[in-house]
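Quick notes on the structure that follows.
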Amino acid sequence: MTKTASFALLFFFLFFNTIQAQLSKTDSLYRAIMSKDSLLFSVGFNTCNSQQTEAVLSDHLEFYHDKGGFSDKKKFMTDFKNGLCKAPDVYRSKRVLVDKSTQIYPMFKDGKVYAAVQNGEHLFYEKEGSREEKLVGEAKFTNFWLLENGDWKLARSLSFDHHAKETINQETVFNNDQEIENWLKENKIPTLGLGIIEDGVLKQVKVFGDIKKGSPAPYNTYFNVASLTKPVTAMVALRLISLGKWKLDESQDAYWTDPDIANDPRHKKLTTRLILSHQTGLPNWRWMNADKKLNFQFDPGTQYQYSGEGFEYLRKALEKKFKKTLDQLAQELIFQPLQMKDSNYIWDQNIDESRFAIGYNEEGKPYPIEKNTTANAADDLHTTIEDYGKFMVSLMTGKNLKPEVFQEMIKKQVKTKENKYFGLGLEIYDLGEGEYALSHGGADQGTRCIAFVLPKSGKGLLIFTNADNGYKVYEKLVLHYLGEEGRRIVDIENR
């Protein structure tokens, strides 16, 4: 055999063994190194515990930083005490390991492991006083752990590819599940559901966080989506109109009159069009009035005012005419045709409570679960990302609606702000150049949800959260997943 052939064979042998040498998470050496990593950062660095930090370091430490240069153990500890931790026991900075990035390789001598190489990525957060933690940077690292007198010590460390917060690639954050989990913890959001629509198809369903402490949320997590109930109720009415069984501009008076406004002749002006476009003149909820009674606050059809009472008025009219409950009508007209098997207006025996995302306030305290036994046309629908994603996709083309009814649905019925309108049951963003977005949001105690579809481009996004501060994640997600159209939506909202 030639020397060249021998060298090639040796190279292949070494390369093959190298790529096979990465340890699994169940390996005892992997666990030992990860335990030392935790002692160095979670117990030492993150709490400014200099004694614990120093105990993990070799006396011969060599630390190489792409911004700060070289440090031996003495300089490293001096910088740690006087730089990162200016005051004793005061939390200044936190390092979070990107778990899926970790790779550990054993090093052998005479058939025995004497060292280990750890590669990975980590994120850095900062806070001061009572301020919330903020993501400030990310970096890669390579650590060389040496077995000294039976104990693993950090002997060499290279920290490189540091990025400040403003230069962090958003693609990295939203395409890395672990980083999304960290981002949710930063914003105190227990559970996040995402539905990504592309080319008019629900392409991805993602659910992050815990449904309860220590239990990851399943992909089919139930969310209370609050006012995202309203578009479903609107579609029930529009389906009936398409079937010729209901009229868009007929007075509700033919089927239902609320006793509180029976003596006000304006109740005869209430139509499905005015209800679905929030032009009834009714308050959001009657209990907000001093006397807790329903009333007209302006003449129907003269201006916009968001009203859950209007949708409830429609429900009672529909139920009177068709002798069926709203949840029965929705099952027949919406849920069954779209195969929305996990959606319901009421809490019944079919709901698996173990899959329900309990709502939380900003302090992380849970709210009681609303277990409605009667449908509310404006609120408290229970559904999943997959189910509601199917519903939003159907809205893009007006599936099961007559073309003229669909055109009424996407028509700008009333202006609510610059470049923003209400159609029938949905908000309409005028994005310019013929592009528009259909949307609706939902907000109640322990839930913040929003959904968008862009019929022209075929894109869409659903964001479900189970926390009062869930709205904090909207903007970044909209910008990431909806691109330039998302930017226009954000600009309209921020005017």
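Labeling convention for the structure tokens: chains A, B, ... as they appear, residues from 1 per chain, ligands from 1 in order of appearance.
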*Would you kindly return, as number ranges by chain, each protein, DNA or RNA residue with an atom no farther than 8 Å from any atom of range 73-87 of chain A, considering only C-alpha atoms and excluding same-chain residues fewer than 5 positions away?*
A: 48, 50, 54, 57-63, 92-93
Create the file for the chosen residues now, containing C-alpha atoms and written as a compact mmCIF listing (two decimals), in the first residue's frame.
# COMPACT_ATOMS: atom_id res chain seq x y z
CA CYS A 48 -22.56 36.71 40.84
CA SER A 50 -17.59 34.35 42.65
CA GLU A 54 -13.80 30.10 40.74
CA LEU A 57 -12.06 26.91 36.86
CA SER A 58 -8.67 25.29 36.42
CA ASP A 59 -5.74 27.16 37.96
CA HIS A 60 -4.29 27.13 34.46
CA LEU A 61 -7.36 28.68 32.80
CA GLU A 62 -6.87 30.40 29.45
CA PHE A 63 -9.87 32.49 28.39
CA ARG A 92 -26.66 42.21 36.75
CA SER A 93 -26.43 39.71 33.91
*Taking the chain letters and numbering used in this document, name the residues of range 32-258 of chain A that DSSP puts in alpha helix (DSSP H), as JSON, numbers by chain.*
{"A": [32, 33, 34, 35, 36, 37, 38, 50, 51, 52, 53, 54, 55, 56, 73, 74, 75, 76, 77, 78, 79, 170, 171, 172, 173, 174, 177, 178, 179, 180, 181, 182, 183, 184, 185, 186, 229, 230, 231, 232, 233, 234, 235, 236, 237, 238, 239, 240, 241, 242]}
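In this comparison, which uses only C-alpha atoms, the residue of A:Ala217, A:Met396, A:Ala155, A:Val43 approaching Ile358 in chain A most closely is A:Ala217.
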*Distance in Å - CA of Thr233 in chain A versus CA of Thr384 in chain A*: 16.8 Å
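The space between CA of Trp256 in chain A and CA of Leu228 in chain A spans 24.3 Å.
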Which residues come within 10 Å of range 177-184 of chain A, counting only C-alpha atoms, excluding same-chain residues fewer than 5 positions away, as an mmCIF file with N, CA and C atoms, in the first residue's frame?
data_model
loop_
_atom_site.group_PDB
_atom_site.id
_atom_site.type_symbol
_atom_site.label_atom_id
_atom_site.label_comp_id
_atom_site.auth_asym_id
_atom_site.auth_seq_id
_atom_site.Cartn_x
_atom_site.Cartn_y
_atom_site.Cartn_z
ATOM 1 N N VAL A 96 -28.034 32.331 29.241
ATOM 2 C CA VAL A 96 -28.955 31.227 28.983
ATOM 3 C C VAL A 96 -28.387 30.387 27.848
ATOM 4 N N LEU A 97 -28.169 29.129 28.123
ATOM 5 C CA LEU A 97 -27.642 28.211 27.116
ATOM 6 C C LEU A 97 -28.725 27.860 26.104
ATOM 7 N N VAL A 98 -28.394 27.939 24.830
ATOM 8 C CA VAL A 98 -29.293 27.451 23.780
ATOM 9 C C VAL A 98 -29.115 25.944 23.750
ATOM 10 N N ASP A 99 -30.052 25.244 24.367
ATOM 11 C CA ASP A 99 -29.881 23.834 24.680
ATOM 12 C C ASP A 99 -29.551 22.987 23.457
ATOM 13 N N LYS A 100 -30.287 23.173 22.361
ATOM 14 C CA LYS A 100 -30.090 22.316 21.191
ATOM 15 C C LYS A 100 -28.760 22.563 20.492
ATOM 16 N N SER A 101 -28.059 23.629 20.881
ATOM 17 C CA SER A 101 -26.790 23.942 20.237
ATOM 18 C C SER A 101 -25.621 23.154 20.827
ATOM 19 N N HIS A 122 -24.932 30.691 23.327
ATOM 20 C CA HIS A 122 -25.680 31.176 24.482
ATOM 21 C C HIS A 122 -26.163 32.603 24.278
ATOM 22 N N LEU A 123 -27.215 32.924 25.019
ATOM 23 C CA LEU A 123 -27.823 34.250 25.001
ATOM 24 C C LEU A 123 -27.520 34.949 26.315
ATOM 25 N N LYS A 134 -33.815 41.915 29.801
ATOM 26 C CA LYS A 134 -33.819 42.223 28.379
ATOM 27 C C LYS A 134 -32.715 41.438 27.673
ATOM 28 N N LEU A 135 -33.038 40.854 26.535
ATOM 29 C CA LEU A 135 -32.037 40.171 25.726
ATOM 30 C C LEU A 135 -31.075 41.205 25.163
ATOM 31 N N THR A 172 -32.860 33.989 13.391
ATOM 32 C CA THR A 172 -32.296 33.034 14.334
ATOM 33 C C THR A 172 -33.247 32.797 15.496
ATOM 34 N N ILE A 189 -44.917 34.891 29.362
ATOM 35 C CA ILE A 189 -46.046 34.304 28.649
ATOM 36 C C ILE A 189 -45.922 32.779 28.750
ATOM 37 N N PRO A 190 -46.826 32.120 29.486
ATOM 38 C CA PRO A 190 -46.697 30.666 29.692
ATOM 39 C C PRO A 190 -46.846 29.854 28.405
ATOM 40 N N THR A 191 -47.814 30.235 27.542
ATOM 41 C CA THR A 191 -48.090 29.430 26.350
ATOM 42 C C THR A 191 -48.311 30.332 25.142
ATOM 43 N N LEU A 192 -47.693 29.973 24.025
ATOM 44 C CA LEU A 192 -47.860 30.688 22.764
ATOM 45 C C LEU A 192 -48.224 29.693 21.672
ATOM 46 N N LYS A 206 -47.513 25.694 15.552
ATOM 47 C CA LYS A 206 -46.481 25.607 16.578
ATOM 48 C C LYS A 206 -47.066 26.052 17.921
ATOM 49 N N VAL A 207 -46.812 25.293 18.954
ATOM 50 C CA VAL A 207 -47.248 25.677 20.296
ATOM 51 C C VAL A 207 -46.046 25.575 21.222
ATOM 52 N N PHE A 208 -45.765 26.657 21.942
ATOM 53 C CA PHE A 208 -44.593 26.740 22.805
ATOM 54 C C PHE A 208 -45.010 26.943 24.268
ATOM 55 N N GLY A 209 -44.083 26.621 25.152
ATOM 56 C CA GLY A 209 -44.310 26.850 26.573
ATOM 57 C C GLY A 209 -44.950 25.668 27.262
ATOM 58 N N ASP A 210 -45.401 25.901 28.488
ATOM 59 C CA ASP A 210 -46.006 24.852 29.307
ATOM 60 C C ASP A 210 -47.497 25.102 29.463
ATOM 61 N N GLY A 470 -49.786 39.165 26.734
ATOM 62 C CA GLY A 470 -49.483 38.463 25.490
ATOM 63 C C GLY A 470 -49.322 39.377 24.290
ATOM 64 N N LYS A 472 -47.550 41.800 23.967
ATOM 65 C CA LYS A 472 -46.175 42.268 23.825
ATOM 66 C C LYS A 472 -45.419 41.561 22.702
ATOM 67 N N VAL A 473 -45.859 40.366 22.329
ATOM 68 C CA VAL A 473 -45.132 39.612 21.300
ATOM 69 C C VAL A 473 -45.718 39.819 19.912
#
_Neighbouring residues of Glu408 in chain A were defined as those with any atom within 10 Å, considering only C-alpha atoms; residues of the same chain fewer than 2 positions away were excluded. Please report them as a VMD selection string._
chain A and resid 238 248 273 403 to 406 410 to 413 423 to 424
The selected residues should be written to file as an mmCIF file, in the first residue's frame (atoms: C-alpha atoms).
data_model
loop_
_atom_site.group_PDB
_atom_site.id
_atom_site.type_symbol
_atom_site.label_atom_id
_atom_site.label_comp_id
_atom_site.auth_asym_id
_atom_site.auth_seq_id
_atom_site.Cartn_x
_atom_site.Cartn_y
_atom_site.Cartn_z
ATOM 1 C CA LEU A 238 -73.256 35.095 6.274
ATOM 2 C CA LEU A 248 -78.387 41.164 5.614
ATOM 3 C CA ARG A 273 -75.134 44.578 8.488
ATOM 4 C CA PRO A 403 -69.633 35.810 -4.337
ATOM 5 C CA GLU A 404 -71.852 38.799 -3.646
ATOM 6 C CA VAL A 405 -71.951 37.964 0.076
ATOM 7 C CA PHE A 406 -68.175 37.610 0.158
ATOM 8 C CA ILE A 410 -64.680 42.476 2.596
ATOM 9 C CA LYS A 411 -66.326 45.808 1.775
ATOM 10 C CA LYS A 412 -65.239 48.783 3.901
ATOM 11 C CA GLN A 413 -68.487 49.231 5.793
ATOM 12 C CA GLY A 423 -66.216 44.925 7.076
ATOM 13 C CA LEU A 424 -68.753 42.301 8.143
#
